[in-house]
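Heads up, the thing below is written out as structure tokens.
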Amino acid sequence: MGKNITRKIIEKHLLGGEMTPGSEIDLKIDQTLTQDATGTMAYLQFEAIGLDRVKTDLSVSYVDHNTLQMGFRNPDDHRYLRTVAERYGVVFSPPGTGICHQLHLENFAKPGATLIGSDSHTPTAGGIGSLAMGAGGLSVALAMAGEAYSIPMPKVVKVNLTGRLQGWAAAKDVILHLLGMLTVKGGVGKVFEYGGPGVETLTVPERATITNMGAELGATTSIFPSDEQTKRFMAQMGRPEDFVELLPDADAEYDEIVNIDLSALEPLVAQPHMPDLVVPVRELAGLRIDQCAIGSCTNSSYADLKTTARILEGKRVPASTDLLISPGSKQVVKMLAAENLLEPLLDAGARLLECTCGPCIGMGGSPTSEGVSVRTFNRNFEGRSGTQDAKIYLASPETAARLALDGEFTDPATWGERPERVELPDSVPSIRDLFVFPPKDGSGVEVLRGPNIVALERFEELPQTVEAKVLLKVEDNITTDHILPAGPQITALRSNIPAISEYIFSRVDKEFVGRMKEAGKGVILGGENYGQGSSREHAALGPRHLGVKAVVTKSLARIHRANLINFGILPLLLVNQDDYGKLEQGTGLTIPASKLQPGQPVNMITDSGESIPVTNDLTEKELRIIQSGGLLNAVRDRQS
Ligand code: MIC
Ligand code: SF4
């Protein structure tokens, strides 16, 4: 039986488990990445494990999320990250160098390698053929300590590409099309492996746009083969030695197949407030636009911004449209500068921002009240932009730039000729010297901490019986942005769990934290796909700090499920989906925690005496971790 590339990489890195979909596998991890908003916690956890140096081939710490330095908190975090990286053998990327995924793709990602990152868009490196997955900070800390990363063996879906992109259709439209087809929960438990004759027509940056936003499908990851395009990209990036060919066998088998004809795609847009509410751009013609934002880890490459410059050249955006551009890396800016491509952007009225995530997580650039903003980003969750009632649409850079000029949605049929598709030049300026490479022996390096960096608390073991009330009932598709909002004020508290916990569910129900404090413990009731979106483990750590013992849902998103386990919160699944309607905020529950067995139902008893069956999809190991009060306790117990 022929193998697909996902199975080939997994087989090479398999440390334990059976490669049958759904059963747990343990993987050796070659590389890790962190970003500042999740990284401080990951390194505090690494320090708590007590090793002298990371054990991976490569670990990189990027600072790109929280770069607004309004007061001491963020700069203190950056200093901590720089010194802790030097101390333990991690490469450090200073603030402003670029967005983690863009930088990793350009400088470090390798075909055939495994990578986990404490950011849900780590699959960007799948564009180069890495098996790259988003994970919680603690999982990344453990991978840095040389521990295996455990996931359920995914199903492998072949996305069979035929044809070639035409007219104004872009790589972004491939993934928007897939999201429209499969929805934000269509990828759970799956790897999307791209194949077919259309693959060779897509450049590595285009592929990376697609694998990046595969995260929005809820997928484990997405991956492209490593072929001639990859070889060219690695040579252009000045690291031809990192190239290895990685192709599926001719008779490779897949669990499912999805077909996409690239030639048939047209410009698409995701409407507020979910990335899967996709319609053709033409259907929205006439809708006024207040803001366009081009950038983020999805669409901030040289090709994206050169195309933008070509579209804007010699034109002006109307004064009523705010145009923001955040390049993905200093390398991208240097290349634009060298080709005089910054001028058309500036002259068109665009505002050039730092090479960071910026407006994507509401770090500045918020739209006006009820403003319509067209963004080349990957998430348009309600409130994420910083303006609660803004309407965020997701589109390609081509579409965003064209619409910025028109100041309203227009039909692509009226846009004229699309500028020529951009290829990278043969030689690209290196920015490698901007990274801080750690010394061989970091034992003499002093790790500098500020007052905002609060040591981790030790969590208690899970009680035999959980007796607690439902203190919040939420609907389907709750994101980690609902659980713990982003934005400058809250994100600055990522290394301070007691302080950040004050904001848990603050945009959903302002009274929740007060109720939790009063009761001291509680249960959250969720619908389908609870915890989708960001990998931020604070969305589990915060509830745990407040005393949440269990989350009872219809289904859970992969990374958040892992984060709940890592911090000792029981993820329970309703056996009968209709029972969701029987439970309300205030319902008292008795959960026989000590009776839980992997995959076996137990009855929760409500305070009115009703039995509600719940089950779990936990392995023996995961159950033990929760019973010990979380993964750090479990690792400490194992080591002592
Ligand atoms: C996001 O896009 O939501 C983030 C901010 O990059 C998060 C990580 C975080 O919350 O720090 C992610 O995607 O994992
Ligand atoms: Fe940064 Fe946005 Fe990408 Fe998250 S999705 S890593 S916030 S650019």
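To be explicit about the labels: the chains of the structure tokens are called A, B, and onward in the order shown, and within each one the residues are counted from 1, while ligands get numbers from 1 in the order they are shown.
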
Kindly provide the residues of chain A that approach ligand 2 to within 9 Å, each paired with its closest atom pair and their distance in Å to one decimal, based on only C-alpha atoms and all ligand atoms, listed by chain and increasing number, as a tab-separated table.
```
residue	atom	partner	partner_atom_place_in_ligand_line	distance
A:Gln35	CA	ligand 2	6 (S)	8.0
A:Asp64	CA	ligand 2	1 (Fe)	7.1
A:His65	CA	ligand 2	1 (Fe)	5.9
A:Ile99	CA	ligand 2	8 (S)	6.5
A:Cys100	CA	ligand 2	6 (S)	6.8
A:His101	CA	ligand 2	6 (S)	6.9
A:Asp119	CA	ligand 2	6 (S)	6.4
A:Ser120	CA	ligand 2	4 (Fe)	7.2
A:His121	CA	ligand 2	6 (S)	6.0
A:Thr122	CA	ligand 2	6 (S)	8.1
A:Asn212	CA	ligand 2	3 (Fe)	8.4
A:Met213	CA	ligand 2	5 (S)	8.7
A:Gly295	CA	ligand 2	8 (S)	7.4
A:Ser296	CA	ligand 2	8 (S)	3.7
A:Cys297	CA	ligand 2	3 (Fe)	4.2
A:Thr298	CA	ligand 2	3 (Fe)	6.6
A:Asn299	CA	ligand 2	8 (S)	8.9
A:Ser300	CA	ligand 2	8 (S)	9.0
A:Gly328	CA	ligand 2	8 (S)	8.5
A:Thr356	CA	ligand 2	8 (S)	7.0
A:Cys357	CA	ligand 2	8 (S)	3.9
A:Gly358	CA	ligand 2	8 (S)	7.2
A:Pro359	CA	ligand 2	2 (Fe)	7.8
A:Cys360	CA	ligand 2	2 (Fe)	4.4
A:Ile361	CA	ligand 2	7 (S)	4.8
A:Gly362	CA	ligand 2	7 (S)	8.4
A:Met363	CA	ligand 2	7 (S)	9.0
A:Phe377	CA	ligand 2	2 (Fe)	6.6
A:Asn378	CA	ligand 2	5 (S)	6.0
A:Arg379	CA	ligand 2	5 (S)	6.8
A:Ala486	CA	ligand 2	7 (S)	8.9
A:Ser534	CA	ligand 2	4 (Fe)	7.3
```

Per residue of stretch 321-375 of chain A within 12 Å of stretch 431-435 of chain A, what are the shortest atom pair and its distance in Å to one decimal, counting only C-alpha atoms, with rows by chain and residue number, as CSV?
```
residue,atom,partner,partner_atom,distance
A:Ser329,CA,A:Ile431,CA,9.1
A:Lys330,CA,A:Ile431,CA,7.2
A:Gln331,CA,A:Ile431,CA,6.1
A:Val332,CA,A:Ile431,CA,9.9
A:Val333,CA,A:Ile431,CA,10.8
A:Lys334,CA,A:Ile431,CA,9.2
A:Met335,CA,A:Ile431,CA,11.1
```

Would you output that residue set with C-alpha atoms, as a compact mmCIF listing (two decimals), in the first residue's frame?
```txt
# COMPACT_ATOMS: atom_id res chain seq x y z
CA SER A 329 9.22 40.27 8.12
CA LYS A 330 12.08 42.74 7.79
CA GLN A 331 13.22 40.65 4.84
CA VAL A 332 9.96 41.51 3.07
CA VAL A 333 10.43 45.23 3.84
CA LYS A 334 14.03 45.18 2.62
CA MET A 335 12.97 43.61 -0.65
```

Pick from A:Ile453, A:Val374, A:Ala37, A:Ala468, whichever lies nearest to ligand 1 using only C-alpha atoms and all ligand atoms: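 Using only C-alpha atoms and all ligand atoms, the shortest distance to ligand 1 belongs to A:Ala37.
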
Choose the residue, out of A:Arg544, A:Arg384, A:Arg558, A:Lys510, that has the smallest atom-to-atom separation from ligand 1; count only C-alpha atoms and all ligand atoms.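 Using only C-alpha atoms and all ligand atoms, the shortest distance to ligand 1 belongs to A:Arg384.
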
Which residue, A:His273, A:Lys190, A:Lys158, A:Lys315, has the smallest gap to A:Ile257 when you use only C-alpha atoms? A:Lys158

Helix (DSSP H, G or I) positions in stretch 480-513 of chain A, given as a PDB file with N, CA and C atoms, in the first residue's frame:
```
ATOM      1  N   THR A 480     -11.582  30.519  21.620  1.00  0.00           N
ATOM      2  CA  THR A 480     -10.766  30.921  22.773  1.00  0.00           C
ATOM      3  C   THR A 480     -10.731  32.452  22.890  1.00  0.00           C
ATOM      4  N   ASP A 481     -11.073  33.168  21.817  1.00  0.00           N
ATOM      5  CA  ASP A 481     -11.224  34.631  21.940  1.00  0.00           C
ATOM      6  C   ASP A 481     -12.450  34.984  22.792  1.00  0.00           C
ATOM      7  N   HIS A 482     -13.475  34.128  22.777  1.00  0.00           N
ATOM      8  CA  HIS A 482     -14.604  34.355  23.683  1.00  0.00           C
ATOM      9  C   HIS A 482     -14.168  34.067  25.123  1.00  0.00           C
ATOM     10  N   ILE A 483     -13.383  32.995  25.296  1.00  0.00           N
ATOM     11  CA  ILE A 483     -13.024  32.589  26.668  1.00  0.00           C
ATOM     12  C   ILE A 483     -12.040  33.598  27.265  1.00  0.00           C
ATOM     13  N   PRO A 488      -4.580  44.722  23.556  1.00  0.00           N
ATOM     14  CA  PRO A 488      -3.369  45.105  24.280  1.00  0.00           C
ATOM     15  C   PRO A 488      -3.468  45.009  25.796  1.00  0.00           C
ATOM     16  N   GLN A 489      -4.606  45.394  26.348  1.00  0.00           N
ATOM     17  CA  GLN A 489      -4.709  45.454  27.811  1.00  0.00           C
ATOM     18  C   GLN A 489      -4.618  44.052  28.422  1.00  0.00           C
ATOM     19  N   ILE A 490      -5.357  43.119  27.830  1.00  0.00           N
ATOM     20  CA  ILE A 490      -5.421  41.774  28.418  1.00  0.00           C
ATOM     21  C   ILE A 490      -4.184  40.959  28.040  1.00  0.00           C
ATOM     22  N   THR A 491      -3.736  41.086  26.794  1.00  0.00           N
ATOM     23  CA  THR A 491      -2.598  40.258  26.361  1.00  0.00           C
ATOM     24  C   THR A 491      -1.328  40.607  27.141  1.00  0.00           C
ATOM     25  N   ILE A 497      -1.062  34.916  35.663  1.00  0.00           N
ATOM     26  CA  ILE A 497      -2.342  34.192  35.620  1.00  0.00           C
ATOM     27  C   ILE A 497      -3.404  34.789  36.554  1.00  0.00           C
ATOM     28  N   PRO A 498      -3.052  35.126  37.811  1.00  0.00           N
ATOM     29  CA  PRO A 498      -4.102  35.703  38.659  1.00  0.00           C
ATOM     30  C   PRO A 498      -4.709  36.961  38.028  1.00  0.00           C
ATOM     31  N   ALA A 499      -3.874  37.812  37.427  1.00  0.00           N
ATOM     32  CA  ALA A 499      -4.393  39.063  36.846  1.00  0.00           C
ATOM     33  C   ALA A 499      -5.215  38.791  35.594  1.00  0.00           C
ATOM     34  N   ILE A 500      -4.760  37.894  34.737  1.00  0.00           N
ATOM     35  CA  ILE A 500      -5.467  37.686  33.466  1.00  0.00           C
ATOM     36  C   ILE A 500      -6.786  36.948  33.690  1.00  0.00           C
ATOM     37  N   SER A 501      -6.860  36.186  34.777  1.00  0.00           N
ATOM     38  CA  SER A 501      -8.079  35.411  35.050  1.00  0.00           C
ATOM     39  C   SER A 501      -9.294  36.315  35.276  1.00  0.00           C
ATOM     40  N   GLU A 502      -9.035  37.552  35.635  1.00  0.00           N
ATOM     41  CA  GLU A 502     -10.136  38.507  35.841  1.00  0.00           C
ATOM     42  C   GLU A 502     -10.923  38.753  34.549  1.00  0.00           C
ATOM     43  N   TYR A 503     -10.329  38.390  33.403  1.00  0.00           N
ATOM     44  CA  TYR A 503     -10.971  38.691  32.113  1.00  0.00           C
ATOM     45  C   TYR A 503     -11.619  37.469  31.460  1.00  0.00           C
ATOM     46  N   PHE A 512     -19.394  36.393  35.158  1.00  0.00           N
ATOM     47  CA  PHE A 512     -18.895  35.024  35.322  1.00  0.00           C
ATOM     48  C   PHE A 512     -17.798  34.933  36.393  1.00  0.00           C
ATOM     49  N   VAL A 513     -16.814  35.834  36.308  1.00  0.00           N
ATOM     50  CA  VAL A 513     -15.693  35.752  37.249  1.00  0.00           C
ATOM     51  C   VAL A 513     -16.205  35.925  38.682  1.00  0.00           C
TER      52      VAL A 513
END
```

Rank A:Arg79, A:Arg418, A:Arg494, A:Arg288 by their smallest atom-to-atom distance to ligand 1, using only C-alpha atoms and all ligand atoms, and report the top residue only.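 Once distances to ligand 1 are computed over only C-alpha atoms and all ligand atoms, the minimum belongs to A:Arg494.
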
Residue with smallest distance to ligand 1 - pool A:Leu462, A:Ala170, A:Ala42, A:Leu424, counting only C-alpha atoms and all ligand atoms: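 Of the candidates, the smallest distance to ligand 1 is held by A:Ala42.
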
Can you list, as a short mmCIF file (atom, residue, chain, number, x, y, z; two decimals) with N, CA, C and O atoms, in the first residue's frame, every protein, DNA or RNA residue that comes within 10 Å of A:Tyr194 when you count only C-alpha atoms, leaving out same-chain residues fewer than 4 positions away?
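New file result.cif:
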```cif
data_model
loop_
_atom_site.label_atom_id
_atom_site.label_comp_id
_atom_site.auth_asym_id
_atom_site.auth_seq_id
_atom_site.Cartn_x
_atom_site.Cartn_y
_atom_site.Cartn_z
N ILE A 5 2.45 11.58 2.30
CA ILE A 5 3.61 12.18 2.98
C ILE A 5 3.38 12.33 4.48
O ILE A 5 4.30 12.24 5.28
N GLY A 126 3.74 23.94 6.98
CA GLY A 126 3.30 22.86 6.10
C GLY A 126 3.46 23.24 4.63
O GLY A 126 3.55 22.38 3.76
N GLY A 127 3.55 24.54 4.36
CA GLY A 127 3.76 25.02 2.99
C GLY A 127 5.10 24.58 2.42
O GLY A 127 5.29 24.54 1.21
N VAL A 157 -6.65 13.57 4.58
CA VAL A 157 -7.53 13.95 3.48
C VAL A 157 -6.67 14.46 2.34
O VAL A 157 -5.85 15.36 2.54
N LYS A 158 -6.82 13.89 1.17
CA LYS A 158 -6.10 14.45 0.02
C LYS A 158 -6.92 15.57 -0.58
O LYS A 158 -8.10 15.37 -0.92
N VAL A 159 -6.32 16.75 -0.67
CA VAL A 159 -6.99 17.83 -1.40
C VAL A 159 -6.38 17.82 -2.79
O VAL A 159 -5.21 18.21 -2.98
N ASN A 160 -7.12 17.30 -3.72
CA ASN A 160 -6.62 17.09 -5.07
C ASN A 160 -6.83 18.35 -5.90
O ASN A 160 -7.95 18.71 -6.22
N LEU A 161 -5.72 19.03 -6.19
CA LEU A 161 -5.81 20.29 -6.92
C LEU A 161 -5.59 20.05 -8.42
O LEU A 161 -4.61 19.39 -8.80
N GLY A 198 -2.36 20.41 -9.77
CA GLY A 198 -2.41 21.85 -9.51
C GLY A 198 -1.34 22.30 -8.52
O GLY A 198 -1.00 23.49 -8.44
N VAL A 199 -0.78 21.36 -7.76
CA VAL A 199 0.18 21.72 -6.71
C VAL A 199 1.38 22.47 -7.27
O VAL A 199 1.81 23.49 -6.73
N ARG A 207 1.38 28.37 -0.93
CA ARG A 207 1.04 27.15 -0.20
C ARG A 207 0.93 27.45 1.30
O ARG A 207 0.07 26.91 1.99
N ILE A 210 -2.30 28.80 2.40
CA ILE A 210 -3.33 27.76 2.47
C ILE A 210 -3.17 26.91 3.73
O ILE A 210 -4.14 26.66 4.45
N THR A 211 -1.94 26.49 4.03
CA THR A 211 -1.76 25.63 5.22
C THR A 211 -1.99 26.45 6.49
O THR A 211 -2.50 25.93 7.48
N SER A 222 -2.00 20.97 7.95
CA SER A 222 -2.10 20.84 6.49
C SER A 222 -0.68 20.78 5.97
O SER A 222 0.24 21.35 6.57
N ILE A 223 -0.51 20.11 4.83
CA ILE A 223 0.86 19.94 4.33
C ILE A 223 0.89 19.84 2.81
O ILE A 223 -0.03 19.28 2.20
N PHE A 224 1.95 20.41 2.22
CA PHE A 224 2.20 20.28 0.78
C PHE A 224 3.43 19.39 0.60
O PHE A 224 4.29 19.32 1.48
N PRO A 225 3.55 18.77 -0.57
CA PRO A 225 4.78 18.03 -0.86
C PRO A 225 5.97 18.97 -0.93
O PRO A 225 5.81 20.18 -1.08
N ILE A 257 -10.95 12.06 -0.01
CA ILE A 257 -10.43 12.91 -1.10
C ILE A 257 -11.40 14.07 -1.35
O ILE A 257 -12.62 13.87 -1.37
N VAL A 258 -10.83 15.27 -1.46
CA VAL A 258 -11.63 16.44 -1.82
C VAL A 258 -11.03 17.00 -3.10
O VAL A 258 -9.80 17.10 -3.20
N ASN A 259 -11.84 17.36 -4.06
CA ASN A 259 -11.32 17.89 -5.33
C ASN A 259 -11.55 19.39 -5.43
O ASN A 259 -12.64 19.87 -5.12
#
```

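Going from atom CA of A:Leu58 to atom CA of A:Thr32 covers 6.6 Å.
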
With distances taken over only C-alpha atoms, which of A:Gly137, A:Pro451, A:Gly609, A:Pro280 is nearest to A:Pro412?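 Ranking A:Gly137, A:Pro451, A:Gly609, A:Pro280 by distance to A:Pro412, first place goes to A:Pro280.
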
Interatomic distance (Å, one decimal) between atom CA of A:Arg636 and atom CA of A:Glu11: 29.2 Å
